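Here is the file entry-v4.txt (compact mmCIF, C-alpha atoms and all ligand atoms).
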```txt
# COMPACT_ATOMS: atom_id res chain seq x y z
CA MET A 1 51.19 -14.94 -3.46
CA ALA A 2 47.57 -14.97 -4.69
CA LYS A 3 45.01 -15.39 -1.93
CA LEU A 4 42.42 -18.15 -1.99
CA HIS A 5 39.50 -15.77 -2.46
CA ASP A 6 41.31 -14.08 -5.37
CA LEU A 7 41.87 -17.47 -6.98
CA LEU A 8 38.19 -18.28 -6.62
CA GLY A 9 37.19 -14.88 -8.00
CA LEU A 10 34.88 -14.24 -5.06
CA TYR A 11 36.58 -11.33 -3.34
CA ASP A 12 34.65 -8.08 -3.18
CA ARG A 13 37.33 -5.56 -4.09
CA LYS A 14 35.15 -2.56 -3.19
CA SER A 15 35.51 -3.15 0.56
CA PRO A 16 38.45 -1.50 2.27
CA PRO A 17 40.92 -4.08 3.59
CA GLY A 18 40.55 -4.99 7.23
CA THR A 19 36.82 -4.34 7.44
CA VAL A 20 35.62 -7.73 6.33
CA ALA A 21 36.40 -10.28 9.03
CA GLU A 22 34.55 -9.96 12.31
CA THR A 23 36.74 -9.12 15.30
CA LEU A 24 36.23 -10.85 18.64
CA GLU A 25 34.75 -7.61 19.98
CA GLN A 26 32.30 -7.38 17.07
CA ARG A 27 31.37 -10.99 17.56
CA ARG A 28 30.63 -10.43 21.26
CA GLU A 29 28.55 -7.39 20.37
CA ARG A 30 26.61 -9.35 17.74
CA ILE A 31 25.85 -12.11 20.26
CA ARG A 32 24.84 -9.53 22.89
CA GLN A 33 22.52 -7.92 20.34
CA ARG A 34 21.00 -11.27 19.38
CA ARG A 35 20.31 -12.10 23.01
CA ALA A 36 18.74 -8.68 23.57
CA GLU A 37 16.44 -9.45 20.64
CA GLY A 38 15.50 -12.78 22.24
CA LYS A 39 17.45 -14.83 19.68
CA GLY A 40 19.88 -17.72 20.15
CA ILE A 41 23.65 -17.32 19.66
CA ARG A 42 23.70 -18.73 16.17
CA ALA A 43 21.65 -17.57 13.24
CA MET A 44 18.65 -19.79 12.50
CA PRO A 45 17.14 -21.01 9.24
CA GLY A 46 15.01 -18.18 7.90
CA GLU A 47 17.73 -15.62 8.73
CA GLU A 48 19.83 -14.33 5.86
CA ARG A 49 23.01 -14.76 7.89
CA TRP A 50 22.28 -18.45 8.44
CA LEU A 51 22.10 -19.11 4.72
CA GLN A 52 25.24 -17.07 4.07
CA ARG A 53 27.21 -18.90 6.75
CA ARG A 54 26.04 -22.26 5.39
CA CYS A 55 27.26 -21.36 1.88
CA VAL A 56 30.73 -20.50 3.17
CA SER A 57 31.18 -23.32 5.67
CA SER A 58 29.83 -25.85 3.14
CA LEU A 59 32.39 -24.71 0.57
CA PHE A 60 35.20 -25.22 3.09
CA GLY A 61 33.74 -28.61 4.01
CA GLU A 62 33.75 -29.72 0.36
CA MET A 63 37.34 -28.54 -0.11
CA GLN A 64 38.43 -30.59 2.87
CA ALA A 65 36.52 -33.58 1.53
CA VAL A 66 38.33 -33.38 -1.83
CA GLU A 67 41.68 -33.29 -0.08
CA GLY A 68 40.74 -36.01 2.42
CA PHE A 69 39.53 -38.56 -0.14
CA ALA A 70 42.33 -37.84 -2.61
CA ARG A 71 44.88 -38.37 0.16
CA ILE A 72 43.45 -41.79 1.00
CA LEU A 73 44.11 -42.72 -2.63
CA THR A 74 47.71 -41.53 -2.55
CA GLU A 75 48.72 -42.28 1.05
CA CYS A 76 47.03 -45.62 1.81
CA PRO A 77 48.38 -48.20 -0.65
CA ASN A 78 46.72 -51.14 1.12
CA VAL A 79 43.16 -49.97 0.44
CA PRO A 80 41.57 -52.54 -1.94
CA TRP A 81 41.32 -51.47 -5.58
CA GLU A 82 37.49 -51.70 -5.68
CA LEU A 83 37.24 -49.30 -2.76
CA LYS A 84 39.84 -46.98 -4.32
CA LYS A 85 37.71 -46.69 -7.47
CA LYS A 86 34.73 -45.61 -5.36
CA LEU A 87 36.84 -43.11 -3.45
CA ALA A 88 38.12 -41.65 -6.72
CA ARG A 89 34.53 -41.13 -7.81
CA ILE A 90 33.66 -39.51 -4.48
CA THR A 91 36.63 -37.14 -4.83
CA TRP A 92 35.22 -36.01 -8.16
CA ASP A 93 31.74 -35.58 -6.64
CA GLU A 94 33.16 -33.36 -3.88
CA ALA A 95 34.95 -31.18 -6.44
CA ARG A 96 31.61 -30.66 -8.24
CA HIS A 97 29.99 -29.79 -4.90
CA MET A 98 32.61 -27.08 -4.42
CA GLU A 99 31.50 -25.55 -7.70
CA VAL A 100 27.89 -25.43 -6.49
CA TYR A 101 28.83 -23.54 -3.31
CA MET A 102 31.16 -21.22 -5.22
CA LYS A 103 28.12 -20.18 -7.24
CA MET A 104 25.91 -19.97 -4.15
CA ILE A 105 28.23 -17.64 -2.22
CA PRO A 106 27.90 -14.50 -4.40
CA LYS A 107 24.30 -15.38 -5.32
CA HIS A 108 23.15 -15.18 -1.70
CA GLY A 109 25.26 -12.21 -0.66
CA ALA A 110 27.75 -14.30 1.34
CA ARG A 111 31.46 -13.56 1.44
CA LEU A 112 34.26 -16.05 1.50
CA ASP A 113 36.28 -13.99 3.95
CA GLU A 114 33.40 -12.99 6.21
CA GLU A 115 34.24 -15.39 9.02
CA PRO A 116 36.90 -18.03 9.51
CA ASP A 117 35.86 -21.65 9.36
CA ALA A 118 37.31 -24.55 11.36
CA PRO A 119 39.26 -26.84 9.00
CA PHE A 120 38.84 -29.80 11.34
CA MET A 121 38.29 -32.36 8.58
CA PHE A 122 41.87 -31.75 7.34
CA ALA A 123 43.14 -32.94 10.72
CA LEU A 124 40.73 -35.88 10.93
CA LEU A 125 41.58 -37.26 7.51
CA ARG A 126 45.31 -37.68 8.18
CA ASP A 127 45.31 -40.76 10.41
CA PRO A 128 47.64 -43.58 9.22
CA ASP A 129 44.70 -46.03 9.44
CA PRO A 130 42.40 -45.66 6.38
CA ALA A 131 39.47 -47.14 8.37
CA ILE A 132 39.80 -44.23 10.83
CA ARG A 133 39.86 -41.79 7.92
CA LEU A 134 36.70 -43.33 6.47
CA VAL A 135 34.82 -43.40 9.75
CA SER A 136 35.76 -39.71 10.23
CA ALA A 137 34.52 -38.89 6.76
CA ARG A 138 31.28 -40.75 7.42
CA ALA A 139 30.67 -38.65 10.54
CA GLY A 140 31.11 -35.53 8.42
CA GLU A 141 28.85 -36.89 5.68
CA GLY A 142 26.09 -37.62 8.22
CA LEU A 143 26.17 -34.03 9.41
CA THR A 144 26.08 -32.88 5.79
CA LEU A 145 22.92 -34.93 5.16
CA ASP A 146 21.18 -33.15 8.04
CA MET A 147 22.36 -29.76 6.81
CA LEU A 148 21.32 -30.34 3.21
CA LEU A 149 17.83 -31.34 4.27
CA THR A 150 17.40 -28.01 6.07
CA LEU A 151 18.93 -26.08 3.15
CA ARG A 152 16.57 -27.78 0.70
CA GLU A 153 13.56 -26.74 2.78
CA GLU A 154 14.90 -23.21 3.20
CA PHE A 155 15.17 -22.75 -0.55
CA GLU A 156 11.63 -24.06 -0.98
CA LYS A 157 10.38 -21.48 1.53
CA LEU A 158 12.35 -18.74 -0.21
CA GLY A 159 10.68 -19.65 -3.53
CA MET A 160 13.96 -20.81 -5.11
CA PRO A 161 13.06 -24.23 -6.54
CA GLU A 162 16.21 -24.44 -8.67
CA TRP A 163 18.43 -24.20 -5.57
CA SER A 164 16.19 -26.58 -3.67
CA ARG A 165 16.56 -29.10 -6.53
CA CYS A 166 20.29 -28.51 -6.47
CA MET A 167 20.39 -29.47 -2.76
CA ASP A 168 18.49 -32.62 -3.71
CA TYR A 169 21.24 -33.60 -6.15
CA LEU A 170 23.85 -32.99 -3.47
CA LEU A 171 21.83 -35.07 -1.00
CA ALA A 172 21.75 -37.95 -3.50
CA ASP A 173 25.54 -37.86 -3.79
CA GLU A 174 26.11 -37.57 -0.04
CA VAL A 175 23.77 -40.47 0.75
CA SER A 176 25.86 -42.69 -1.51
CA HIS A 177 29.08 -41.40 0.09
CA PHE A 178 27.70 -42.09 3.57
CA ARG A 179 26.88 -45.62 2.48
CA ILE A 180 30.24 -46.25 0.78
CA MET A 181 32.13 -44.97 3.84
CA GLY A 182 30.25 -47.49 5.99
CA GLN A 183 30.94 -50.32 3.56
CA GLY A 184 34.60 -49.26 3.35
CA VAL A 185 34.97 -49.43 7.14
CA ASP A 186 33.37 -52.92 7.08
CA THR A 187 35.85 -54.05 4.40
CA LEU A 188 38.92 -52.61 6.07
CA THR A 189 38.13 -54.08 9.49
CA SER A 190 36.62 -57.41 8.38
CA ASP A 191 39.63 -59.51 9.42
CA SER A 192 40.00 -58.14 12.96
CA PRO A 193 37.27 -57.65 15.60
CA GLU A 194 39.81 -55.71 17.72
CA HIS A 195 40.48 -53.33 14.85
CA ARG A 196 36.71 -52.88 14.38
CA GLU A 197 36.24 -52.15 18.07
CA ARG A 198 39.03 -49.55 18.00
CA VAL A 199 37.44 -47.86 14.99
CA ASP A 200 33.97 -47.90 16.58
CA GLU A 201 35.31 -46.44 19.80
CA TYR A 202 37.09 -43.72 17.85
CA ARG A 203 33.83 -42.96 16.01
CA ARG A 204 31.94 -42.52 19.28
CA LYS A 205 34.55 -40.11 20.66
CA LEU A 206 34.73 -38.20 17.40
CA THR A 207 30.95 -37.91 17.14
CA ARG A 208 30.79 -36.41 20.62
CA ALA A 209 33.55 -33.91 19.72
CA ILE A 210 31.91 -32.90 16.42
CA HIS A 211 28.55 -32.48 18.09
CA LYS A 212 30.09 -30.21 20.71
CA GLU A 213 31.72 -28.09 18.00
CA GLU A 214 28.67 -27.96 15.74
CA ARG A 215 25.85 -27.63 18.25
CA GLY A 216 23.30 -25.06 17.21
CA THR A 217 23.83 -25.75 13.51
CA VAL A 218 21.60 -28.79 12.93
CA TYR A 219 17.85 -28.42 12.94
CA LYS A 220 16.57 -31.81 11.99
CA VAL A 221 17.94 -35.28 11.41
CA ALA A 222 17.84 -36.49 7.80
CA GLN A 223 16.28 -39.72 8.99
CA GLU A 224 15.33 -41.14 5.59
CA SER A 225 18.69 -40.28 3.99
CA ARG A 226 20.59 -41.74 6.92
CA GLU A 227 18.53 -44.93 6.71
CA VAL A 228 19.11 -45.24 2.95
CA GLY A 229 22.81 -44.68 3.68
CA GLY A 230 22.82 -47.64 6.08
CA ALA A 231 22.98 -45.77 9.41
CA THR A 232 23.15 -48.10 12.40
CA SER A 233 20.63 -47.70 15.21
CA GLU A 234 23.47 -46.32 17.38
CA GLU A 235 24.25 -43.67 14.74
CA MET A 236 20.56 -42.75 14.47
CA GLN A 237 20.29 -42.35 18.23
CA GLU A 238 23.42 -40.17 18.30
CA ALA A 239 22.01 -37.98 15.54
CA LYS A 240 18.68 -37.54 17.32
CA ARG A 241 20.41 -36.72 20.61
CA PHE A 242 22.50 -34.14 18.78
CA GLN A 243 19.40 -32.58 17.27
CA ALA A 244 17.86 -32.24 20.73
CA GLU A 245 21.08 -30.69 22.16
CA SER A 246 21.30 -28.41 19.16
CA ALA A 247 17.76 -27.18 19.69
CA LYS A 248 18.59 -26.32 23.32
CA TYR A 249 21.69 -24.40 22.24
CA GLN A 250 19.57 -22.34 19.84
CA GLN A 251 17.42 -21.06 22.71
CA PRO A 252 18.27 -17.58 23.99
CA SER A 253 20.05 -17.80 27.35
FE FE B 301 30.08 -33.07 -0.77
FE FE B 302 30.51 -36.37 0.41
```

What's the structure tokens form of this structure?
Ligand SMILES: [Fe+2]
Ligand SMILES: [Fe+2]
Amino acid sequence: MAKLHDLLGLYDRKSPPGTVAETLEQRRERIRQRRAEGKGIRAMPGEERWLQRRCVSSLFGEMQAVEGFARILTECPNVPWELKKKLARITWDEARHMEVYMKMIPKHGARLDEEPDAPFMFALLRDPDPAIRLVSARAGEGLTLDMLLTLREEFEKLGMPEWSRCMDYLLADEVSHFRIMGQGVDTLTSDSPEHRERVDEYRRKLTRAIHKEERGTVYKVAQESREVGGATSEEMQEAKRFQAESAKYQQPS
């Protein structure tokens, strides 16, 4: 059966098989080396590896988003038609975003099979309750806003205005997704305060779990984008707390 990277045409056939993915031992050695150099565990903006990792993990994130939104359309018949139309549009946006990252990966020397990525959005977007799926997606979109802001600035520093502009287009899409997810949750829980409370409680737990998994990857909160996307004050506080925790994690230990 054809492998994913073959299908995407991104596989570097010159490398001998088995030398691409990092083993646990190599990973430990890389972290040891980074610490010896006075660096944090994860690569930082400004490092080539950071940009390469972002290209790959963003592509996987977009793939999961396509699947997640499309599955709401096919698996949740009770979602109102107006919301379904918006979700169909978002699915299309996410497919276009995949194309952007597919172009970024070879352009910036990244490799699709360099390191595995956690497909946690697949798991999150399977709940029988569409409001839970949307609130999960909104948590992911918020993180994406923060990431895109840093990527946009990185490309500016690297003297790549076309890629920086490209991140701006992605930001514009993701802000609208973030907003629509919030409105969708409002719609789907409008007839039951108990349902709303359950969804909010789930969001808090999920946010804590995502932040634990992703610490060290976010460098600044996309405050303006989050505000335009209708972030609540609780969500803003969570994002800022995450940024502070993330900064600590980036320090060499
Ligand atoms: Fe996207
Ligand atoms: Fe999105």

(request) Please identify every polymer residue within 9 Å of ligand FE 302 (chain B), using all atoms listed in the file, and present the set as a PyMOL selection string. (result) chain A and resi 62+65-66+90-91+93-94+97+137-138+140-141+144+170-171+173-178

(request) Would you mind telling me which residue in A:Asp191, A:Arg96, A:Ala139, A:Gly109 lies nearest to Cys166 in chain A when using all atoms listed in the file? (result)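 Selected residue with least distance to Cys166 in chain A: A:Arg96.
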
(request) For CA of Leu83 in chain A and CA of His195 in chain A, determine how far apart the two atoms are, in Å to one decimal place. (result)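 Going from CA of Leu83 in chain A over to CA of His195 in chain A covers 18.4 Å.
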
(request) Kindly indicate which residue among A:Val100, A:Ala222, A:Ala231, A:Leu51 lies nearest to ligand FE 301 (chain B), using all atoms listed in the file for the distances. (result) A:Val100

Which neighbours of Val79 in chain A fall inside 10 Å, counting only C-alpha atoms, when residues of the same chain fewer than 2 positions from it are skipped, and could you give them as a PDB file with C-alpha atoms, in the frame of the given file?
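File written: out_10.pdb
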```
ATOM      1  CA  ILE A  72      43.450 -41.790   1.000  1.00  0.00           C
ATOM      2  CA  LEU A  73      44.110 -42.720  -2.630  1.00  0.00           C
ATOM      3  CA  GLU A  75      48.720 -42.280   1.050  1.00  0.00           C
ATOM      4  CA  CYS A  76      47.030 -45.620   1.810  1.00  0.00           C
ATOM      5  CA  PRO A  77      48.380 -48.200  -0.650  1.00  0.00           C
ATOM      6  CA  TRP A  81      41.320 -51.470  -5.580  1.00  0.00           C
ATOM      7  CA  GLU A  82      37.490 -51.700  -5.680  1.00  0.00           C
ATOM      8  CA  LEU A  83      37.240 -49.300  -2.760  1.00  0.00           C
ATOM      9  CA  LYS A  84      39.840 -46.980  -4.320  1.00  0.00           C
ATOM     10  CA  ASP A 129      44.700 -46.030   9.440  1.00  0.00           C
ATOM     11  CA  PRO A 130      42.400 -45.660   6.380  1.00  0.00           C
ATOM     12  CA  ALA A 131      39.470 -47.140   8.370  1.00  0.00           C
ATOM     13  CA  GLY A 184      34.600 -49.260   3.350  1.00  0.00           C
ATOM     14  CA  THR A 187      35.850 -54.050   4.400  1.00  0.00           C
ATOM     15  CA  LEU A 188      38.920 -52.610   6.070  1.00  0.00           C
TER      16      LEU A 188
END
```

(request) Rounded to one decimal place, report the CA of Asp127 in chain A-CA of Met147 in chain A distance in Å. (result)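 Separating CA of Asp127 in chain A from CA of Met147 in chain A is a distance of 25.7 Å.
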
(request) Tell me which of A:Arg42, A:Lys212, A:Ala239, A:Trp92 sits closest to Arg27 in chain A, counting all atoms listed in the file. (result)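 Ranked by minimum distance to Arg27 in chain A, first place goes to A:Arg42.
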
(request) Return the single residue from A:Arg53, A:Glu224, A:Gly142, A:Pro161 that is closest to Phe242 in chain A, with distances computed using all atoms listed in the file. (result)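 Between A:Arg53, A:Glu224, A:Gly142, A:Pro161, the residue approaching Phe242 in chain A most closely is A:Gly142.
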
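When CA of Ser57 in chain A is paired with CA of Arg35 in chain A, their separation reads 23.3 Å.
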
Which residues come within 12 Å of Met236 in chain A, counting all atoms listed in the file, excluding same-chain residues fewer than 6 positions away, as a PDB file with C-alpha atoms, in the coordinates of the input?
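Written out: result-v9.pdb:
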```pdb
ATOM      1  CA  ALA A 139      30.670 -38.650  10.540  1.00  0.00           C
ATOM      2  CA  GLY A 142      26.090 -37.620   8.220  1.00  0.00           C
ATOM      3  CA  LEU A 143      26.170 -34.030   9.410  1.00  0.00           C
ATOM      4  CA  ASP A 146      21.180 -33.150   8.040  1.00  0.00           C
ATOM      5  CA  THR A 207      30.950 -37.910  17.140  1.00  0.00           C
ATOM      6  CA  LYS A 220      16.570 -31.810  11.990  1.00  0.00           C
ATOM      7  CA  VAL A 221      17.940 -35.280  11.410  1.00  0.00           C
ATOM      8  CA  ALA A 222      17.840 -36.490   7.800  1.00  0.00           C
ATOM      9  CA  GLN A 223      16.280 -39.720   8.990  1.00  0.00           C
ATOM     10  CA  GLU A 224      15.330 -41.140   5.590  1.00  0.00           C
ATOM     11  CA  SER A 225      18.690 -40.280   3.990  1.00  0.00           C
ATOM     12  CA  ARG A 226      20.590 -41.740   6.920  1.00  0.00           C
ATOM     13  CA  GLU A 227      18.530 -44.930   6.710  1.00  0.00           C
ATOM     14  CA  VAL A 228      19.110 -45.240   2.950  1.00  0.00           C
ATOM     15  CA  GLY A 229      22.810 -44.680   3.680  1.00  0.00           C
ATOM     16  CA  GLY A 230      22.820 -47.640   6.080  1.00  0.00           C
ATOM     17  CA  PHE A 242      22.500 -34.140  18.780  1.00  0.00           C
ATOM     18  CA  GLN A 243      19.400 -32.580  17.270  1.00  0.00           C
TER      19      GLN A 243
END
```

(message) Just checking: using all atoms listed in the file, which residue out of A:Ser233, A:Leu87, A:Glu153, A:Gln64 ends up closest to Arg165 in chain A?
(response)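 Under the stated criterion, the closest residue is A:Glu153.
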
(request) Could you check which of A:Glu48, A:Asp168, A:Glu156, A:Glu37 is closest to ligand FE 301 (chain B), using all atoms listed in the file? (result) A:Asp168
